[in-house]
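Data block for run-v8.txt (compact mmCIF, C-alpha atoms):
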```txt
# COMPACT_ATOMS: atom_id res chain seq x y z
CA MET A 15 183.87 82.41 90.63
CA SER A 16 182.87 83.21 87.10
CA ALA A 17 179.63 84.91 86.10
CA SER A 18 179.70 83.06 82.79
CA ASP A 19 179.80 79.70 84.62
CA ASP A 20 176.69 80.74 86.52
CA GLN A 21 174.92 81.82 83.35
CA ALA A 22 175.84 78.60 81.54
CA ASP A 23 174.60 76.47 84.46
CA VAL A 24 171.36 78.43 84.72
CA GLU A 25 170.70 77.94 81.01
CA ARG A 26 171.35 74.21 81.30
CA VAL A 27 169.00 73.92 84.29
CA LEU A 28 166.31 75.86 82.47
CA ALA A 29 166.77 73.53 79.49
CA GLY A 30 165.99 70.57 81.78
CA ASP A 31 169.42 69.45 83.01
CA ILE A 32 168.86 69.54 86.78
CA SER A 33 172.36 68.24 87.56
CA ALA A 34 173.80 71.56 86.31
CA PHE A 35 172.36 73.17 89.43
CA GLU A 36 175.03 71.36 91.44
CA GLY A 37 177.67 73.67 89.94
CA ILE A 38 175.76 76.66 91.30
CA VAL A 39 175.38 75.01 94.71
CA ARG A 40 179.09 74.14 94.93
CA ARG A 41 180.16 77.66 93.88
CA TRP A 42 177.85 79.51 96.25
CA GLN A 43 177.34 77.18 99.24
CA GLY A 44 180.15 78.80 101.26
CA PRO A 45 178.97 82.41 100.85
CA LEU A 46 175.30 81.55 101.36
CA ILE A 47 175.95 79.52 104.52
CA ASN A 48 178.26 82.19 105.91
CA LEU A 49 175.74 84.93 105.21
CA ALA A 50 173.07 82.90 107.02
CA TYR A 51 175.50 82.27 109.87
CA ARG A 52 176.05 85.99 110.32
CA PHE A 53 172.31 86.42 110.70
CA CYS A 54 171.67 83.56 113.15
CA HIS A 55 175.06 82.49 114.63
CA ASP A 56 173.90 78.89 114.61
CA ARG A 57 175.70 76.53 112.25
CA GLY A 58 172.85 74.03 111.85
CA ARG A 59 170.26 76.68 111.25
CA ALA A 60 172.57 78.49 108.83
CA GLU A 61 172.79 75.35 106.68
CA GLU A 62 169.02 74.85 106.80
CA MET A 63 168.41 78.44 105.73
CA ALA A 64 171.01 78.20 102.96
CA GLN A 65 169.40 74.98 101.69
CA GLU A 66 166.01 76.69 101.58
CA ALA A 67 167.63 79.63 99.75
CA PHE A 68 169.02 77.26 97.09
CA LEU A 69 165.63 75.59 96.71
CA ARG A 70 163.93 78.94 96.24
CA ALA A 71 166.61 79.95 93.76
CA TYR A 72 165.97 76.73 91.83
CA ARG A 73 162.22 77.42 91.74
CA ALA A 74 162.72 81.04 90.70
CA LEU A 75 165.60 80.49 88.27
CA GLY A 76 163.45 81.51 85.31
CA GLN A 77 162.80 84.89 86.95
CA TRP A 78 166.49 85.88 86.96
CA ARG A 79 166.76 88.77 84.51
CA LYS A 80 170.25 88.79 83.13
CA ASP A 81 170.64 92.56 83.55
CA ALA A 82 171.94 91.83 87.08
CA VAL A 83 174.84 89.48 87.87
CA PHE A 84 173.60 86.07 89.03
CA SER A 85 175.32 86.41 92.41
CA THR A 86 173.55 89.74 93.06
CA TRP A 87 170.19 88.11 92.36
CA LEU A 88 171.08 85.07 94.48
CA PHE A 89 172.22 87.18 97.44
CA ALA A 90 169.10 89.37 97.27
CA LEU A 91 166.89 86.26 97.26
CA ALA A 92 168.84 84.67 100.14
CA THR A 93 168.89 87.90 102.16
CA ASN A 94 165.17 88.27 101.76
CA LEU A 95 164.60 84.71 102.94
CA TYR A 96 167.01 85.01 105.89
CA ARG A 97 165.40 88.25 107.03
CA SER A 98 161.92 86.77 106.99
CA GLU A 99 163.14 83.56 108.68
CA LEU A 100 164.74 85.62 111.44
CA ARG A 101 161.55 87.63 111.84
CA ARG A 102 159.60 84.36 112.13
CA ILE A 103 161.98 82.70 114.59
CA PRO A 104 164.45 85.27 115.96
CA ALA A 105 168.03 84.25 116.70
CA ARG A 106 168.84 84.00 120.38
CA THR A 107 170.38 87.30 121.41
CA VAL A 108 171.22 89.12 124.60
CA PRO A 109 169.33 92.43 124.98
CA LEU A 110 171.62 95.41 124.31
CA ASP A 111 171.26 96.71 127.84
CA ASP A 112 172.36 93.35 129.28
CA ILE A 113 175.74 93.35 127.52
CA ALA A 114 178.03 93.94 130.45
CA GLU A 115 180.82 96.49 130.48
CA PRO A 116 183.88 95.48 132.49
CA ALA A 117 184.45 97.51 135.66
CA ASP A 118 187.92 98.40 134.39
CA ALA A 119 188.54 97.20 130.88
CA ARG A 120 192.27 97.94 131.12
CA ALA A 121 192.80 95.58 134.03
CA SER A 122 192.40 92.24 132.24
CA ASP A 123 194.77 90.23 130.06
CA GLY A 124 195.38 91.62 126.55
CA GLY A 125 194.56 88.63 124.30
CA LEU A 126 191.59 87.53 126.32
CA GLU A 127 190.39 91.09 126.54
CA ASP A 128 190.52 91.48 122.75
CA ARG A 129 188.48 88.33 122.29
CA ASP A 130 185.98 89.40 124.93
CA ARG A 131 185.63 92.78 123.34
CA ASP A 132 185.15 91.35 119.84
CA MET A 133 182.56 88.94 121.16
CA ALA A 134 180.74 91.70 123.03
CA VAL A 135 180.63 93.85 119.89
CA ARG A 136 179.25 90.95 117.84
CA ARG A 137 176.67 90.18 120.49
CA ALA A 138 175.72 93.84 120.53
CA VAL A 139 175.26 93.75 116.74
CA GLY A 140 172.97 90.75 117.18
CA ALA A 141 170.90 92.68 119.71
CA LEU A 142 170.43 95.75 117.49
CA PRO A 143 166.99 96.48 116.01
CA ALA A 144 166.58 94.40 112.82
CA LYS A 145 166.98 97.24 110.31
CA TYR A 146 170.36 98.31 111.71
CA ARG A 147 171.55 94.76 112.28
CA GLU A 148 170.70 93.73 108.72
CA ALA A 149 172.51 96.72 107.24
CA LEU A 150 175.62 96.02 109.34
CA VAL A 151 175.59 92.28 108.58
CA LEU A 152 175.30 92.83 104.84
CA PHE A 153 177.84 95.68 104.78
CA TYR A 154 180.57 93.66 106.48
CA PHE A 155 179.67 90.47 104.64
CA HIS A 156 180.17 92.27 101.33
CA ASP A 157 183.58 93.61 102.39
CA MET A 158 182.23 97.04 103.35
CA ASP A 159 180.68 97.68 99.93
CA VAL A 160 177.59 99.82 100.50
CA ALA A 161 176.30 99.45 96.94
CA THR A 162 176.33 95.63 97.06
CA ALA A 163 174.80 95.59 100.54
CA ALA A 164 172.06 97.94 99.32
CA ARG A 165 171.31 95.69 96.33
CA SER A 166 171.10 92.62 98.58
CA LEU A 167 168.73 94.42 100.91
CA GLY A 168 166.73 95.96 98.06
CA LEU A 169 167.17 99.43 99.59
CA PRO A 170 168.61 102.72 98.30
CA GLU A 171 172.27 103.29 99.14
CA GLY A 172 171.42 106.42 101.14
CA THR A 173 169.09 104.44 103.41
CA VAL A 174 171.74 101.79 104.00
CA LYS A 175 174.36 104.46 104.78
CA ALA A 176 172.01 106.11 107.28
CA ARG A 177 171.25 102.75 108.94
CA LEU A 178 174.95 101.89 109.12
CA PHE A 179 175.71 105.21 110.74
CA ARG A 180 172.88 104.87 113.24
CA GLY A 181 173.72 101.24 113.97
CA ARG A 182 177.34 102.10 114.69
CA GLU A 183 176.26 104.99 116.90
CA ILE A 184 174.06 102.69 118.97
CA LEU A 185 176.99 100.27 119.31
CA ARG A 186 179.27 103.10 120.35
CA GLY A 187 176.74 104.26 122.93
CA LYS A 188 176.34 100.78 124.38
CA LEU A 189 180.00 99.79 124.40
CA PRO A 190 181.98 102.96 125.15
CA GLN A 191 184.76 101.39 127.23
CA ARG A 192 185.19 98.33 125.06
CA LEU A 193 185.79 100.47 122.00
CA ALA A 194 188.04 103.00 123.73
CA VAL A 195 190.58 100.67 125.37
CA PRO A 196 192.57 98.69 122.75
CA ARG A 197 194.50 101.56 121.24
CA LEU A 198 195.81 102.54 124.72
CA LYS A 199 197.32 99.10 124.99
CA GLU A 200 198.90 99.25 121.54
CA ALA A 201 200.30 102.79 122.02
CA MET B 8 174.76 108.81 123.33
CA GLY B 9 178.25 109.90 122.18
CA ARG B 10 179.03 110.73 118.58
CA LEU B 11 181.04 108.17 116.69
CA ASN B 12 184.64 109.28 116.16
CA ARG B 13 187.06 107.98 113.56
CA HIS B 14 188.80 105.68 116.00
CA ASP B 15 185.57 104.02 117.12
CA GLU B 16 184.46 103.55 113.54
CA ASP B 17 187.80 101.96 112.62
CA GLU B 18 187.56 99.74 115.67
CA ILE B 19 184.04 98.56 114.80
CA ASN B 20 185.10 98.02 111.17
CA ARG B 21 188.11 96.01 112.28
CA ILE B 22 186.13 93.80 114.65
CA LEU B 23 183.16 93.13 112.38
CA SER B 24 185.24 92.58 109.24
CA ARG B 25 187.05 89.60 110.69
CA GLU B 26 184.01 87.49 111.49
CA ASP B 27 184.79 83.75 111.63
CA GLU B 28 184.13 81.87 108.40
CA ILE B 29 182.42 78.50 108.58
CA LEU B 30 182.83 75.71 106.04
CA PRO B 31 179.80 73.88 104.64
CA SER B 32 179.46 70.37 106.02
CA SER B 33 180.58 67.64 103.63
CA GLY B 34 177.11 66.46 102.66
CA PHE B 35 175.57 69.89 102.18
CA ALA B 36 175.70 70.07 98.37
CA VAL B 37 174.41 66.48 98.07
CA SER B 38 171.55 67.22 100.43
CA VAL B 39 170.60 70.36 98.49
CA MET B 40 170.66 68.43 95.21
CA ASP B 41 168.48 65.69 96.74
CA ALA B 42 165.97 68.35 97.74
CA VAL B 43 166.14 69.89 94.26
CA ARG B 44 165.57 66.50 92.59
CA ARG B 45 162.60 65.81 94.86
CA GLU B 46 161.24 69.21 93.94
CA ALA B 47 161.72 68.52 90.24
CA ALA B 48 160.11 65.07 90.51
CA ALA B 49 157.05 66.35 92.36
CA PRO B 50 153.98 66.78 90.16
CA PRO B 51 153.14 70.39 89.32
CA PRO B 52 150.53 72.00 91.57
CA ILE B 53 146.93 71.37 90.47
CA PRO B 54 145.53 74.52 88.89
CA PHE B 55 142.23 75.82 90.20
CA PRO B 56 139.38 74.35 88.07
CA TRP B 57 137.97 77.67 86.84
CA LYS B 58 135.93 76.03 84.07
CA ARG B 59 134.10 73.81 86.56
CA ALA B 60 133.79 76.45 89.21
CA LEU B 61 132.53 79.23 86.94
CA PRO B 62 128.84 78.14 86.72
CA GLY B 63 128.73 77.74 90.49
CA LEU B 64 130.35 81.13 91.05
CA VAL B 65 127.91 82.81 88.65
CA ALA B 66 124.96 81.11 90.36
CA ALA B 67 126.26 82.10 93.79
CA GLY B 68 126.71 85.71 92.66
CA PHE B 69 123.20 85.73 91.21
CA ALA B 70 121.76 84.24 94.40
CA LEU B 71 123.59 86.80 96.52
CA ALA B 72 122.31 89.65 94.39
CA LEU B 73 118.77 88.22 94.64
CA VAL B 74 119.04 87.92 98.42
CA LEU B 75 120.26 91.51 98.69
CA VAL B 76 117.37 92.75 96.55
CA VAL B 77 114.84 90.77 98.59
CA ILE B 78 116.29 92.02 101.87
CA GLY B 79 116.21 95.58 100.57
CA VAL B 80 112.58 95.21 99.52
CA ALA B 81 111.68 93.57 102.85
CA ILE B 82 113.33 96.36 104.82
CA THR B 83 111.51 99.03 102.81
CA GLN B 84 108.15 97.26 103.16
CA GLY B 85 108.77 96.54 106.84
CA ALA B 86 109.56 100.17 107.54
CA SER B 87 106.38 101.42 105.87
CA THR B 88 104.23 98.72 107.51
CA SER B 89 105.61 99.37 110.99
CA SER B 90 105.07 103.12 110.64
CA GLN B 91 101.43 102.37 109.66
CA PHE B 92 101.05 100.06 112.64
CA SER B 93 102.61 102.47 115.05
CA THR B 94 100.23 105.23 114.07
CA SER B 95 96.95 103.41 113.46
CA LEU B 96 97.06 99.76 114.73
CA PRO B 97 99.25 99.33 117.79
CA SER B 98 97.41 96.11 118.85
CA ALA B 99 98.28 94.30 115.59
CA SER B 100 102.00 94.01 116.37
CA PRO B 101 101.98 90.27 117.46
CA SER B 102 100.61 89.10 114.09
CA PHE B 103 103.16 91.29 112.34
CA PHE B 104 105.97 89.63 114.31
CA GLN B 105 104.52 86.20 113.51
CA GLU B 106 104.48 86.99 109.81
CA ASN B 107 108.02 88.28 110.07
CA LEU B 108 109.13 85.14 111.90
CA GLN B 109 107.70 82.88 109.23
CA TYR B 110 109.33 85.01 106.56
CA THR B 111 112.72 84.70 108.30
CA ALA B 112 112.26 80.96 108.79
CA ASN B 113 111.60 80.50 105.08
CA TRP B 114 114.76 82.33 104.17
CA THR B 115 116.78 80.41 106.75
CA ALA B 116 115.50 77.13 105.36
CA LEU B 117 116.38 78.27 101.84
CA ALA B 118 119.88 79.30 102.95
CA LEU B 119 120.41 75.92 104.64
CA LEU B 120 119.24 74.14 101.51
CA ALA B 121 121.59 76.21 99.33
CA THR B 122 124.48 75.44 101.69
CA TRP B 123 123.71 71.72 101.65
CA VAL B 124 123.50 71.68 97.85
CA SER B 125 126.78 73.58 97.46
CA VAL B 126 128.60 71.30 99.94
CA LYS B 127 127.28 68.18 98.17
CA PHE B 128 128.18 69.62 94.78
CA SER B 129 131.72 70.58 95.78
CA MET B 130 132.29 67.18 97.45
CA ARG B 131 131.16 65.46 94.29
CA LEU B 132 133.51 67.63 92.23
CA ALA B 133 136.39 66.88 94.58
CA SER B 134 135.79 63.10 94.55
CA SER B 135 135.47 63.01 90.74
CA GLY B 136 138.77 64.94 90.42
CA GLU B 137 140.81 62.37 92.46
```

Encoded form (structure tokens):
Amino acid sequence: MSASDDQADVERVLAGDISAFEGIVRRWQGPLINLAYRFCHDRGRAEEMAQEAFLRAYRALGQWRKDAVFSTWLFALATNLYRSELRRIPARTVPLDDIAEPADARASDGGLEDRDRDMAVRRAVGALPAKYREALVLFYFHDMDVATAARSLGLPEGTVKARLFRGREILRGKLPQRLAVPRLKEA
Amino acid sequence: MGRLNRHDEDEINRILSREDEILPSSGFAVSVMDAVRREAAAPPPIPFPWKRALPGLVAAGFALALVLVVIGVAITQGASTSSQFSTSLPSASPSFFQENLQYTANWTALALLATWVSVKFSMRLASSGE
């Protein structure tokens, strides 16, 4: 994905060529839908939220100051929209305290156990308080890049680091066995 | 709550980094572009008619100020009159209340009239703007 392609398309759209916006949509539809999906874990809703994000981007295209890369601006706009959408209609999550720990996590089958554990951790992320969940979602979405996650959230890096740390600590506290077991199996 | 050790952190990183990717449905880009074209074709939002509204706003502000002044004067006069009555003419209170009632009724009628005029005026403005 080239930043110059984005800039060229934006300039064409601003000059009145609406069809140039399709280039932006095709380049960024995957990332925007996947980001939305990480927030809501509902495919249909993720596409609806991504569509709304593109519409808002189209309306606000003239406000993009070229001192930031287009993708940074687009992700910040989308993140802002997704956060407020999720505050308006929260995604269906299981409360953290209801995420069951197995009686003996070592007893079950390896592959199935891995999948169960991964799913439990993801569900636990979904049940975190919004500020920790958002930091974790953005951090892992942006390949564990704190700076990019902080720009998308519009927060200082230090705040994001603190929220990541706290979020992971809550996860660790809620899922002690699930996180402790796998390495025993691999050893 | 236990402190996070290196192993736990690696484990969480490993699990959350390999989140499933979903592919956009085939018609997604087309549907976004349809929405964008509809947006572009829609007429721009009607700006608020400040020029038309300004005389009305000024008049309303003036009326409000006038009402506040009159109320202030009435309260001051009422306070002095009632203190006079309470010391010298306690039996005159019914006529005072009657006067006060008429005074209030006049202002209520005026307020209703002003409301009716402003509703009529704004409806006329709205129908002429269509």

Applying 9 Å and all atoms listed in the file, which residues near Asp27 of chain B remain after dropping the ones on its own chain fewer than 2 positions away? List them as a PyMOL selection string.
(chain A and resi 48) or (chain B and resi 25+29)

Same residues, C-alpha atoms, output as a CSV table (one decimal), in the coordinates of the input:
```csv
chain,number,residue,atom,x,y,z
A,48,ASN,CA,178.3,82.2,105.9
B,25,ARG,CA,187.0,89.6,110.7
B,29,ILE,CA,182.4,78.5,108.6
```

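Contact shell of Arg79 of chain A at 12 Å (all atoms listed in the file; same-chain neighbours under 6 positions omitted): Gln21, Val24, Ser85, Thr86, Trp87 and Leu88 of chain A.
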
Test item: chain B residues at most 10 Å from chain A, counting all atoms listed in the file, as a ChimeraX atom specification
/B:8-12,14-32,35-40,42-44,46-47

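Closest approach to Arg165 of chain A from the set A:Arg177, A:Leu152, A:Tyr96, A:Ala141 is made by A:Leu152, with distances taken over only C-alpha atoms.
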
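Counting all atoms listed in the file, segment 113-122 of chain B has the following residues at most 12 Å away, ignoring those fewer than 3 positions along the same chain: Gly63, Ala66, Ala67, Ala70, Leu71, Leu73, Val74, Val77, Ile78, Ala81, Glu106, Asn107, Leu108, Gln109, Tyr110, Ser125, Val126, Lys127, Phe128 and Ser129 of chain B.
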
For Asp20 of chain A, which of A:Lys175, A:Lys80, A:Arg101, A:Arg106 is the closest residue, counting all atoms listed in the file?
A:Lys80

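Relative to atom CA of Asp41 of chain B, atom CA of Ala90 of chain A is found at 23.7 Å.
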
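Between atom CA of Gly181 of chain A and atom CA of Gly140 of chain A the separation is 11.0 Å.
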
Go ahead and compute the interatomic distance for atom CA of Pro52 of chain B and atom CA of Thr93 of chain A, in Å to one decimal.
26.5 Å
